[in-house]
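J.: My structure is stored as entry_19.csv, with CSV, C-alpha atoms.
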chain,number,residue,atom,x,y,z
G,2,MET,CA,9.2,-43.7,23.2
G,3,LEU,CA,8.0,-47.3,22.8
G,4,THR,CA,6.6,-48.2,19.4
G,5,ARG,CA,3.5,-50.3,19.0
G,6,GLN,CA,5.7,-53.3,18.7
G,7,GLY,CA,7.5,-52.2,21.9
G,8,VAL,CA,4.2,-52.0,23.7
G,9,ALA,CA,3.4,-55.4,22.5
G,10,VAL,CA,6.7,-56.7,23.8
G,11,VAL,CA,6.1,-55.3,27.2
G,12,ALA,CA,2.6,-56.7,27.3
G,13,ALA,CA,3.9,-60.1,26.3
G,14,GLY,CA,6.4,-60.0,29.1
G,15,ILE,CA,3.7,-59.1,31.6
G,16,VAL,CA,1.5,-61.9,30.4
G,17,ALA,CA,4.4,-64.4,30.5
G,18,ILE,CA,5.3,-63.5,34.1
G,19,VAL,CA,1.6,-63.6,35.2
G,20,VAL,CA,1.0,-67.0,33.5
G,21,GLY,CA,4.3,-68.3,34.9
G,22,ARG,CA,3.3,-67.2,38.4
G,23,VAL,CA,-0.1,-68.8,38.2
G,24,PHE,CA,1.0,-72.1,36.8
G,25,GLY,CA,4.4,-72.1,38.4
G,26,VAL,CA,6.3,-72.4,35.1
G,27,ILE,CA,9.8,-71.0,35.6
G,28,GLU,CA,10.5,-70.8,31.8
G,29,LEU,CA,7.7,-68.3,31.4
G,30,PHE,CA,9.4,-66.1,34.0
G,31,VAL,CA,12.6,-66.3,32.0
G,32,ILE,CA,10.7,-65.4,28.8
G,33,GLY,CA,8.9,-62.5,30.5
G,34,ALA,CA,12.2,-61.2,31.8
G,35,ALA,CA,13.7,-61.5,28.3
G,36,PHE,CA,10.9,-59.4,26.9
G,37,PHE,CA,11.5,-56.7,29.5
G,38,CYS,CA,15.2,-56.8,28.9
G,39,ALA,CA,14.7,-56.3,25.2
G,40,ALA,CA,12.5,-53.3,25.8
G,41,VAL,CA,15.1,-51.7,28.2
G,42,ALA,CA,17.9,-52.4,25.8
G,43,ALA,CA,16.0,-50.9,22.9
G,44,VAL,CA,15.3,-47.7,24.9
G,45,ALA,CA,18.9,-47.5,25.9
G,46,TYR,CA,20.0,-48.0,22.3
G,47,VAL,CA,18.0,-45.1,20.9
G,48,ARG,CA,18.9,-42.8,23.8
G,49,LEU,CA,22.7,-43.4,23.6
G,50,ARG,CA,23.0,-43.7,19.8
G,51,ARG,CA,20.5,-40.9,18.9
G,52,PRO,CA,21.9,-38.3,16.4
G,53,ILE,CA,22.4,-34.8,17.8
G,54,VAL,CA,22.3,-32.8,14.6
G,55,THR,CA,21.6,-29.3,13.5
G,56,ALA,CA,20.2,-28.6,10.1
G,57,ASN,CA,19.6,-25.7,7.6
G,58,ARG,CA,17.0,-25.8,4.9
G,59,TRP,CA,17.1,-24.1,1.5
G,60,VAL,CA,14.5,-24.1,-1.2
G,61,HIS,CA,15.5,-23.5,-4.8
G,62,PRO,CA,14.1,-21.4,-6.3
G,63,ALA,CA,12.6,-19.2,-3.5
G,64,VAL,CA,9.4,-18.6,-5.6
G,65,LEU,CA,8.2,-21.6,-7.7
G,66,VAL,CA,5.9,-21.4,-10.6
G,67,ALA,CA,3.1,-23.9,-11.0
G,68,GLY,CA,4.3,-26.8,-13.1
G,69,ASP,CA,7.9,-26.4,-12.1
G,70,THR,CA,9.9,-28.7,-9.9
G,71,GLY,CA,11.9,-27.2,-7.1
G,72,ARG,CA,14.4,-28.7,-4.7
G,73,VAL,CA,14.7,-28.7,-0.9
G,74,ASP,CA,18.3,-28.9,0.2
G,75,LEU,CA,19.2,-29.9,3.8
G,76,GLN,CA,22.6,-29.4,5.3
G,77,LEU,CA,23.3,-31.4,8.5
G,78,GLU,CA,26.0,-31.3,11.1
G,79,HIS,CA,26.4,-34.0,13.8
G,80,ARG,CA,27.4,-32.6,17.2
G,81,GLY,CA,27.1,-35.7,19.3
G,82,ARG,CA,30.1,-37.2,21.1
G,83,VAL,CA,29.7,-40.7,19.7
G,84,ARG,CA,28.9,-42.0,16.3
G,85,SER,CA,25.2,-42.0,15.6
G,86,ALA,CA,23.1,-45.0,14.5
G,87,PRO,CA,21.4,-44.9,11.1
G,88,PHE,CA,18.4,-42.5,11.3
G,89,THR,CA,15.7,-41.0,9.2
G,90,LEU,CA,14.8,-37.5,8.4
G,91,SER,CA,11.1,-36.8,8.0
G,92,GLU,CA,9.4,-33.6,6.9
G,93,SER,CA,5.7,-32.9,6.3
G,94,VAL,CA,4.8,-31.2,3.0
G,95,ARG,CA,1.4,-29.6,3.3
G,96,ARG,CA,-0.3,-27.9,0.4
G,97,THR,CA,-3.1,-25.3,0.7
G,98,MET,CA,-4.5,-26.6,-2.6
G,99,GLY,CA,-3.5,-30.2,-2.9
G,100,ASP,CA,-2.6,-33.5,-1.2
G,101,ASP,CA,-0.3,-33.6,1.8
G,102,HIS,CA,2.6,-36.1,2.1
G,103,VAL,CA,5.7,-36.8,4.2
G,104,ALA,CA,9.2,-36.7,2.7
G,105,ARG,CA,11.3,-39.5,4.4
G,106,LEU,CA,15.1,-39.5,3.9
G,107,PRO,CA,17.2,-42.4,5.3
G,108,MET,CA,20.6,-41.3,6.6
G,109,ALA,CA,23.8,-43.3,7.2
G,110,PRO,CA,25.5,-43.1,10.6
G,111,MET,CA,27.3,-39.8,11.3
G,112,SER,CA,30.6,-39.3,13.1
G,113,ARG,CA,31.2,-36.4,15.4
G,114,ARG,CA,31.4,-33.0,13.6
G,115,LEU,CA,30.6,-34.7,10.3
G,116,ARG,CA,28.8,-32.5,7.8
G,117,THR,CA,26.7,-33.8,5.0
G,118,SER,CA,23.8,-32.8,2.9
G,119,THR,CA,20.7,-34.3,1.3
G,120,GLY,CA,17.5,-33.2,-0.2
G,121,TYR,CA,14.4,-34.0,-2.2
G,122,LYS,CA,12.4,-32.7,-5.2
G,123,LEU,CA,9.4,-30.6,-4.7
G,124,PRO,CA,7.0,-30.9,-7.7
G,125,THR,CA,4.3,-28.3,-8.0
G,126,THR,CA,1.1,-29.0,-10.0
G,127,ARG,CA,-0.7,-25.8,-9.2
G,128,ARG,CA,-0.3,-22.4,-7.5
G,129,GLY,CA,-0.6,-22.0,-3.7
G,130,VAL,CA,1.5,-22.1,-0.6
G,131,ILE,CA,3.4,-25.2,0.6
G,132,ALA,CA,4.3,-25.5,4.3
G,133,LEU,CA,7.5,-27.5,4.8
G,134,GLY,CA,8.2,-29.0,8.2
G,135,PRO,CA,8.9,-29.3,10.9
G,136,LEU,CA,12.0,-31.3,10.0
G,137,ALA,CA,12.4,-34.2,12.4
G,138,VAL,CA,15.0,-36.8,13.2
G,139,GLU,CA,13.8,-40.3,13.9
G,140,ILE,CA,15.7,-43.3,15.1
G,141,THR,CA,14.6,-46.8,16.0
G,142,ASP,CA,16.4,-49.8,17.4
G,143,PRO,CA,17.1,-52.8,15.1
G,144,LEU,CA,14.1,-54.7,16.5
G,145,GLY,CA,11.7,-51.7,16.1
G,146,VAL,CA,10.8,-51.7,19.8
G,147,ALA,CA,11.7,-48.1,20.7
G,148,ARG,CA,11.7,-44.9,18.8
G,149,TRP,CA,13.2,-41.4,19.4
G,150,ARG,CA,12.1,-38.4,17.5
G,151,SER,CA,13.1,-34.7,17.7
G,152,SER,CA,12.3,-31.6,15.6
G,153,ILE,CA,15.4,-29.7,14.4
G,154,VAL,CA,14.0,-27.2,11.9
G,155,ASP,CA,10.8,-25.2,12.1
G,156,VAL,CA,8.1,-24.7,9.4
G,157,ASP,CA,8.9,-22.7,6.3
G,158,GLU,CA,6.5,-21.6,3.6
G,159,VAL,CA,7.1,-21.9,-0.1
G,160,VAL,CA,5.1,-19.7,-2.5
G,161,VAL,CA,4.0,-21.4,-5.7
G,162,ALA,CA,3.1,-18.6,-8.1
G,163,PRO,CA,0.6,-19.0,-10.9
G,164,ARG,CA,2.0,-19.9,-14.4
G,165,VAL,CA,2.9,-16.9,-16.5
G,166,GLN,CA,2.3,-16.9,-20.3
G,167,HIS,CA,4.6,-14.6,-22.2
G,168,ARG,CA,2.9,-12.3,-24.7
G,169,ASP,CA,3.6,-8.9,-26.2
G,170,MET,CA,1.4,-6.0,-25.1
G,171,PRO,CA,-0.7,-4.3,-27.8
G,172,GLN,CA,1.0,-1.9,-30.3
G,173,LEU,CA,-0.6,1.0,-32.1
G,174,GLY,CA,-2.3,0.0,-35.4
G,175,GLN,CA,-2.0,-3.8,-34.9
G,176,GLY,CA,-5.0,-5.9,-34.2
G,177,ALA,CA,-8.4,-4.7,-33.0
G,178,LEU,CA,-6.9,-3.4,-29.8
G,179,GLY,CA,-4.0,-1.7,-31.5
G,180,GLY,CA,-6.4,0.0,-33.9
G,181,ALA,CA,-8.5,1.4,-31.0
G,182,LEU,CA,-5.4,2.7,-29.3
G,183,LEU,CA,-4.2,4.3,-32.6
G,184,ALA,CA,-7.5,6.1,-33.0
G,185,LYS,CA,-7.4,7.5,-29.5
G,186,SER,CA,-3.8,8.5,-30.0
G,187,ILE,CA,-4.7,10.5,-33.1
G,188,ARG,CA,-7.6,12.2,-31.3
G,189,LEU,CA,-5.2,13.2,-28.5
G,190,GLY,CA,-3.0,14.9,-31.0
G,191,PRO,CA,0.7,14.5,-32.0
G,192,GLY,CA,3.3,13.5,-29.6
G,193,GLU,CA,6.9,14.7,-29.3
G,194,PHE,CA,8.7,16.3,-32.3
G,195,HIS,CA,10.6,13.6,-34.1
G,196,GLY,CA,12.3,15.4,-37.1
G,197,LEU,CA,11.9,16.8,-40.6
G,198,ARG,CA,11.5,15.1,-43.9
G,199,GLU,CA,10.7,16.0,-47.5
G,200,TYR,CA,7.1,16.7,-48.4
G,201,ALA,CA,5.2,13.8,-49.9
G,202,GLU,CA,1.9,13.8,-51.7
G,203,GLY,CA,-1.0,13.6,-49.2
G,204,ASP,CA,0.8,15.4,-46.4
G,205,GLU,CA,-1.3,18.1,-44.7
G,206,PRO,CA,-0.2,21.7,-45.5
G,207,ARG,CA,-0.3,22.6,-41.8
G,208,SER,CA,2.6,20.1,-41.2
G,209,ILE,CA,5.0,22.1,-43.5
G,210,HIS,CA,7.9,23.7,-41.7
G,211,TRP,CA,8.2,26.9,-43.7
G,212,LYS,CA,11.5,28.1,-42.2
G,213,ALA,CA,13.2,24.9,-42.9
G,214,SER,CA,11.7,24.8,-46.4
G,215,ALA,CA,13.0,28.3,-47.1
G,216,ARG,CA,16.6,27.0,-46.6
G,217,THR,CA,16.2,24.2,-49.0
G,218,ASP,CA,15.0,23.6,-52.6
G,219,THR,CA,12.0,21.5,-51.5
G,220,LEU,CA,9.2,21.6,-48.9
G,221,MET,CA,10.0,20.1,-45.5
G,222,VAL,CA,7.3,18.7,-43.1
G,223,ARG,CA,7.4,18.0,-39.4
G,224,GLU,CA,7.3,14.5,-38.1
G,225,HIS,CA,5.9,13.7,-34.6
G,226,THR,CA,5.9,10.4,-32.8
G,227,ILE,CA,2.6,8.8,-32.1
G,228,GLU,CA,2.3,8.3,-28.4
G,229,GLY,CA,2.2,4.5,-27.7
G,230,LEU,CA,0.8,2.7,-24.7
G,231,GLN,CA,2.2,4.0,-21.4
G,232,ARG,CA,0.0,2.5,-18.6
G,233,CYS,CA,-1.8,-0.7,-17.9
G,234,THR,CA,-4.2,-1.5,-15.0
G,235,VAL,CA,-5.2,-5.1,-14.5
G,236,VAL,CA,-8.4,-5.7,-12.5
G,237,PHE,CA,-8.9,-9.3,-11.3
G,238,ASP,CA,-12.4,-10.1,-10.0
G,239,ALA,CA,-12.0,-12.7,-7.3
G,240,GLY,CA,-15.6,-12.8,-6.4
G,241,ARG,CA,-17.0,-16.3,-5.7
G,242,ARG,CA,-19.9,-15.7,-8.2
G,243,ALA,CA,-17.9,-14.0,-10.8
G,244,HIS,CA,-16.5,-17.2,-12.4
G,245,PRO,CA,-18.6,-20.2,-13.3
G,246,ASP,CA,-16.4,-22.8,-11.5
G,247,ALA,CA,-13.0,-23.3,-9.9
G,248,ALA,CA,-11.3,-24.1,-13.2
G,249,ALA,CA,-12.5,-20.7,-14.6
G,250,PHE,CA,-11.2,-19.0,-11.5
G,251,GLU,CA,-7.8,-20.5,-12.0
G,252,ARG,CA,-7.8,-19.5,-15.7
G,253,GLY,CA,-8.5,-15.9,-14.5
G,254,VAL,CA,-5.6,-16.0,-12.1
G,255,THR,CA,-3.2,-17.2,-14.8
G,256,ALA,CA,-4.5,-14.5,-17.2
G,257,ALA,CA,-4.1,-11.7,-14.6
G,258,ALA,CA,-0.6,-12.8,-13.6
G,259,SER,CA,0.4,-13.0,-17.3
G,260,LEU,CA,-0.9,-9.5,-18.1
G,261,VAL,CA,0.8,-7.9,-15.1
G,262,HIS,CA,4.1,-9.6,-15.8
G,263,ASN,CA,4.0,-8.8,-19.6
G,264,ALA,CA,3.0,-5.2,-19.0
G,265,ALA,CA,5.9,-4.6,-16.5
G,266,ARG,CA,8.3,-6.4,-18.8
G,267,SER,CA,7.3,-4.1,-21.6
G,268,GLY,CA,8.1,-1.0,-19.5
G,269,LEU,CA,4.5,0.1,-18.9
G,270,THR,CA,3.4,1.7,-15.6
G,271,THR,CA,1.6,-1.3,-14.2
G,272,ARG,CA,-1.0,-1.8,-11.6
G,273,LEU,CA,-3.0,-4.7,-10.2
G,274,VAL,CA,-6.4,-4.2,-8.5
G,275,THR,CA,-8.3,-7.1,-6.9
G,276,SER,CA,-10.7,-8.0,-4.2
G,277,GLY,CA,-9.9,-7.2,-0.6
G,278,GLY,CA,-8.7,-3.7,-1.2
G,279,ILE,CA,-5.5,-4.9,-2.9
G,280,ASP,CA,-4.0,-2.3,-5.1
G,281,LEU,CA,-0.4,-3.0,-6.2
G,282,ARG,CA,1.9,-0.7,-8.2
G,283,GLY,CA,5.5,0.4,-8.3
G,284,PRO,CA,8.7,-1.2,-9.5
G,285,GLU,CA,8.1,-4.5,-7.8
G,286,VAL,CA,4.5,-4.9,-9.0
G,287,ALA,CA,5.3,-8.0,-11.0
G,288,VAL,CA,6.9,-9.9,-8.1
G,289,ASN,CA,4.3,-8.7,-5.6
G,290,THR,CA,1.5,-9.7,-8.0
G,291,LEU,CA,2.8,-13.3,-8.2
G,292,ARG,CA,2.9,-13.5,-4.4
G,293,VAL,CA,-0.6,-12.2,-4.0
G,294,LEU,CA,-2.1,-14.3,-6.7
G,295,ALA,CA,-0.4,-17.4,-5.4
G,296,ARG,CA,-2.5,-17.1,-2.2
G,297,ILE,CA,-5.7,-15.7,-3.6
G,298,GLU,CA,-9.0,-17.6,-3.2
G,299,PRO,CA,-12.6,-16.9,-4.2
G,300,THR,CA,-14.2,-14.3,-1.9
G,301,ASP,CA,-17.7,-13.0,-1.3
G,302,SER,CA,-16.7,-9.5,-2.5
G,303,THR,CA,-15.7,-8.0,-5.9
G,304,PRO,CA,-13.1,-5.2,-6.4
G,305,GLU,CA,-14.2,-2.1,-4.6
G,306,SER,CA,-14.6,1.2,-6.4
G,307,ILE,CA,-11.5,1.6,-8.6
G,308,ALA,CA,-9.5,4.8,-8.2
G,309,ARG,CA,-9.0,6.6,-11.4
G,310,GLU,CA,-5.5,6.0,-12.7
G,311,THR,CA,-3.4,9.2,-13.1
G,312,GLY,CA,-0.6,9.5,-15.6
G,313,ASP,CA,0.4,10.7,-19.1
G,314,GLY,CA,-0.1,8.9,-22.4
G,315,LEU,CA,-2.4,6.1,-23.4
G,316,GLY,CA,-3.6,3.7,-20.8
G,317,LEU,CA,-5.2,0.2,-20.8
G,318,VAL,CA,-7.7,-1.2,-18.3
G,319,VAL,CA,-8.0,-5.0,-18.5
G,320,VAL,CA,-10.7,-6.6,-16.5
G,321,VAL,CA,-10.5,-10.3,-15.8
G,322,THR,CA,-13.9,-11.6,-14.7
G,323,GLY,CA,-16.6,-14.0,-15.7
G,324,SER,CA,-18.7,-11.9,-18.1
G,325,PRO,CA,-19.5,-8.3,-19.0
G,326,SER,CA,-22.5,-8.4,-16.6
G,327,SER,CA,-20.2,-8.6,-13.6
G,328,PRO,CA,-20.0,-5.6,-11.2
G,329,ALA,CA,-16.2,-5.5,-11.7
G,330,TRP,CA,-16.6,-4.7,-15.4
G,331,ALA,CA,-19.1,-1.9,-14.7
G,332,ARG,CA,-16.8,-0.4,-12.1
G,333,ALA,CA,-13.8,-0.5,-14.3
G,334,THR,CA,-15.5,1.0,-17.3
G,335,SER,CA,-16.8,3.9,-15.1
G,336,ILE,CA,-13.3,5.3,-14.8
G,337,ILE,CA,-12.6,5.3,-18.6
G,338,ASP,CA,-11.6,8.6,-20.0
G,339,PRO,CA,-10.3,9.7,-23.4
G,340,THR,CA,-6.8,8.3,-22.6
G,341,LEU,CA,-8.0,4.9,-21.4
G,342,THR,CA,-9.2,1.8,-23.3
G,343,ALA,CA,-11.1,-1.0,-21.5
G,344,VAL,CA,-10.6,-4.7,-22.4
G,345,LEU,CA,-12.6,-7.6,-21.0
G,346,VAL,CA,-11.1,-11.0,-20.4
G,347,ALA,CA,-14.0,-13.3,-19.7
G,348,THR,CA,-13.6,-16.8,-18.1
G,349,ASP,CA,-17.2,-17.9,-18.7
G,350,PRO,CA,-17.3,-19.7,-22.1
G,351,SER,CA,-21.1,-19.0,-22.3
G,352,SER,CA,-20.8,-15.3,-21.8
G,353,SER,CA,-21.6,-12.9,-24.7
G,354,THR,CA,-18.9,-10.3,-25.2
G,355,ALA,CA,-20.2,-8.7,-28.4
G,356,GLY,CA,-19.7,-4.9,-28.6
G,357,ALA,CA,-16.5,-4.8,-26.4
G,358,LEU,CA,-12.8,-5.3,-26.9
G,359,SER,CA,-12.7,-8.7,-25.4
G,360,ILE,CA,-11.5,-12.3,-25.4
G,361,THR,CA,-13.0,-15.4,-23.8
G,362,ILE,CA,-10.7,-18.1,-22.3
G,363,ALA,CA,-12.6,-21.3,-22.2
G,364,ASN,CA,-9.6,-23.5,-21.4
G,365,ASP,CA,-6.0,-23.2,-20.4
G,366,ASP,CA,-4.7,-22.9,-24.0
G,367,ASP,CA,-7.1,-20.1,-25.1
G,368,PHE,CA,-5.4,-17.1,-23.5
G,369,VAL,CA,-2.3,-16.8,-25.6
G,370,PRO,CA,-3.8,-17.1,-29.1
G,371,SER,CA,-6.9,-15.0,-28.2
G,372,TRP,CA,-4.8,-12.2,-26.7
G,373,GLN,CA,-2.4,-12.3,-29.7
G,374,SER,CA,-5.3,-12.0,-32.2
G,375,LEU,CA,-6.7,-9.0,-30.2
G,376,ALA,CA,-3.4,-7.2,-29.5
G,377,GLY,CA,-1.5,-8.0,-32.8
G,378,HIS,CA,2.2,-7.8,-33.1
G,379,ARG,CA,4.8,-5.2,-32.3
G,380,LEU,CA,5.0,-2.2,-34.7
G,381,ASP,CA,6.7,1.2,-34.3
G,382,LEU,CA,4.8,4.1,-35.9
G,383,VAL,CA,5.7,7.6,-36.6
G,384,ALA,CA,3.1,10.2,-37.5
G,385,ARG,CA,3.5,12.1,-40.7
Could you render the structure as structure tokens?
T.:
Amino acid sequence: MLTRQGVAVVAAGIVAIVVGRVFGVIELFVIGAAFFCAAVAAVAYVRLRRPIVTANRWVHPAVLVAGDTGRVDLQLEHRGRVRSAPFTLSESVRRTMGDDHVARLPMAPMSRRLRTSTGYKLPTTRRGVIALGPLAVEITDPLGVARWRSSIVDVDEVVVAPRVQHRDMPQLGQGALGGALLAKSIRLGPGEFHGLREYAEGDEPRSIHWKASARTDTLMVREHTIEGLQRCTVVFDAGRRAHPDAAAFERGVTAAASLVHNAARSGLTTRLVTSGGIDLRGPEVAVNTLRVLARIEPTDSTPESIARETGDGLGLVVVVTGSPSSPAWARATSIIDPTLTAVLVATDPSSSTAGALSITIANDDDFVPSWQSLAGHRLDLVAR
């Protein structure tokens, strides 16, 4: 309970009394007694005037995104019988991927049953998990001789999700990827019946609807919708040797999070596969992906054998890894069937991706323009 200064005060009192006893100096006895009295008064002060408070902690928002600034709000209630002395709230802020620090909040004296609130900003520079707490109350006497400290709120974890870059998913006929999807869609045959229209030069005779044409003065042909993209599987390779360095790994995390988020936002049946047997899917896949990727770190394994995706319509398998020579790319391409198209997102700037639908992200600003050039823009097509 005594501070370093308090220990020094007690030691000085002992020295003064000993020296006074040896040399018979009465004044030193008085000085030594004064030191002891100061220490006793300081201890009594912090014990009698200590705040007896309860607290609740809220973090806004509950899930932060790298680069955002959150806020920690603390609501306090003083339950002591007497007015407290001024005190300080202290809370450790420990990051799994960054520097630790302590938030210190000076508080004014609180009367009985008084409620008040305070808080502090929580900046986030990168993804990860931040451990907050325990929240402690500290009080010292005016001379700094004694200190009282007590924890009032346990530790909480705040998830800092990777940054998400918003981009449209590929559309049939747009960009290199859209062209590949359109070719597969044509090979799979027409989709659902869309309607009838008048015959135009170049239409295939087999598309003529003879019964409808017999009821009109012109030939009528059937229109069918072209099946667009329905499914998207994102494979993130978290292998330690898959990416050239830590910065490349982080670029891959951002790309994977962005792809899953954008696929789910576009209404696609979305799935995330990554190392450690993690296979996420379902209506909450976007939120769960952010939570998983917020904590993910390089491992010694690559994604295990990837189960073949089942479903109707065209599908996309996007592999985020270092280069096409990685095992994750080989495993993903092994499940490709006539309905699936594989895309490589490489994080190694020196990798050669010739011959594949691929992009390379050499820095944090590469993903959006590279993906846009590959995927093109939105376009609704109807087969004629």
J.: Quick one: residues within 12 Å of Leu29 (chain G), all atoms listed in the file, excluding same-chain residues fewer than 3 positions away - as an MDAnalysis selection string?
T.: chainID G and resid 13:26 32:36
J.: Return the single residue from G:Asn57, G:Thr255, G:Asn289, G:Ser374 that is closest to His167 (chain G), with distances computed using all atoms listed in the file.
T.: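 When distances to His167 (chain G) are compared using all atoms listed in the file, the smallest one comes from G:Thr255.
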J.: Would you mind reading off the distance between CA of Arg309 (chain G) and CA of Trp330 (chain G), one decimal, in Å?
T.: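 Separation between CA of Arg309 (chain G) and CA of Trp330 (chain G): 14.2 Å.
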J.: With distances taken over only C-alpha atoms, which of G:Pro171, G:Gly229, G:Pro110, G:Pro52 is nearest to Ser152 (chain G)?
T.: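 Nearest candidate to Ser152 (chain G) out of G:Pro171, G:Gly229, G:Pro110, G:Pro52: G:Pro52.
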J.: Excluding same-chain residues fewer than 2 positions from Met111 (chain G), what lies within 12 Å of it counting only C-alpha atoms, as a PyMOL selection string?
T.: chain G and resi 50-54+77-89+108-109+113-118
J.: For CA of Pro370 (chain G) and CA of Pro62 (chain G), quote the distance in Å rounded to one decimal.
T.: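 Separating CA of Pro370 (chain G) from CA of Pro62 (chain G) is a distance of 29.3 Å.
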J.: If I take CA of Phe368 (chain G) and CA of Pro245 (chain G), how far is one from the other in Å, to one decimal?
T.: 17.0 Å
J.: G:Ile297, G:Val286, G:Ala42, G:Ala201: which is nearest Arg241 (chain G), counting all atoms listed in the file?
T.: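 Closest residue, counting all atoms listed in the file: G:Ile297.
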J.: Compare G:Thr348, G:Asn364, G:Gln166, G:Ser302 by their minimum atom-to-atom distance to Ala67 (chain G), counting only C-alpha atoms, and give me the closest one.
T.: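 Once distances to Ala67 (chain G) are computed over only C-alpha atoms, the minimum belongs to G:Gln166.
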J.: Would you kindly return, as a list of chain:residue names, each protein, DNA or RNA residue with an atom no farther than 9 Å from any atom of Val160 (chain G), considering only C-alpha atoms and excluding same-chain residues fewer than 4 positions away?
T.: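 The neighbour list is G:Ala63, G:Val64, G:Leu65, G:Val66, G:Arg128, G:Gly129, G:Val130, G:Ile131, G:Ala132, G:Leu291, G:Arg292, G:Ala295, G:Arg296.
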J.: List as a PDB file with C-alpha atoms, in the coordinates of the input the protein and nucleic acid residues near Val222 (chain G), meaning an atom at most 6 Å away when only C-alpha atoms are counted, but skip any in the same chain fewer than 2 places from it.
T.:
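Saved file result_7.pdb follows:
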ATOM      1  CA  LEU G 197      11.900  16.800 -40.600  1.00  0.00           C
ATOM      2  CA  ARG G 198      11.500  15.100 -43.900  1.00  0.00           C
ATOM      3  CA  TYR G 200       7.100  16.700 -48.400  1.00  0.00           C
ATOM      4  CA  SER G 208       2.600  20.100 -41.200  1.00  0.00           C
ATOM      5  CA  ILE G 209       5.000  22.100 -43.500  1.00  0.00           C
ATOM      6  CA  HIS G 210       7.900  23.700 -41.700  1.00  0.00           C
TER       7      HIS G 210
END
J.: Near Pro350 (chain G), within 8 Å and counting all atoms listed in the file, which residues show up once chain neighbours fewer than 6 positions away are dropped, as a PyMOL selection string?
T.: chain G and resi 361-363
J.: Could you tell me which of G:Pro107, G:Gly316, G:Pro299, G:Pro304 comes closest to Phe250 (chain G) if we count all atoms listed in the file?
T.: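 The answer is G:Pro299, which sits nearest to Phe250 (chain G).
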J.: Find, counting all atoms listed in the file, the residue in G:Val261, G:Val321, G:Ala137, G:Ala215 that gets nearest to Ala239 (chain G).
T.: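 The answer is G:Val321, which sits nearest to Ala239 (chain G).
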J.: Using all atoms listed in the file and a cutoff of 9 Å, can you tell me which residues are near (-6.9, -10.5, -28.0) in the file's coordinates, and write them out as a ChimeraX atom specification?
T.: /G:171,176-178,344,346,358-361,368-377
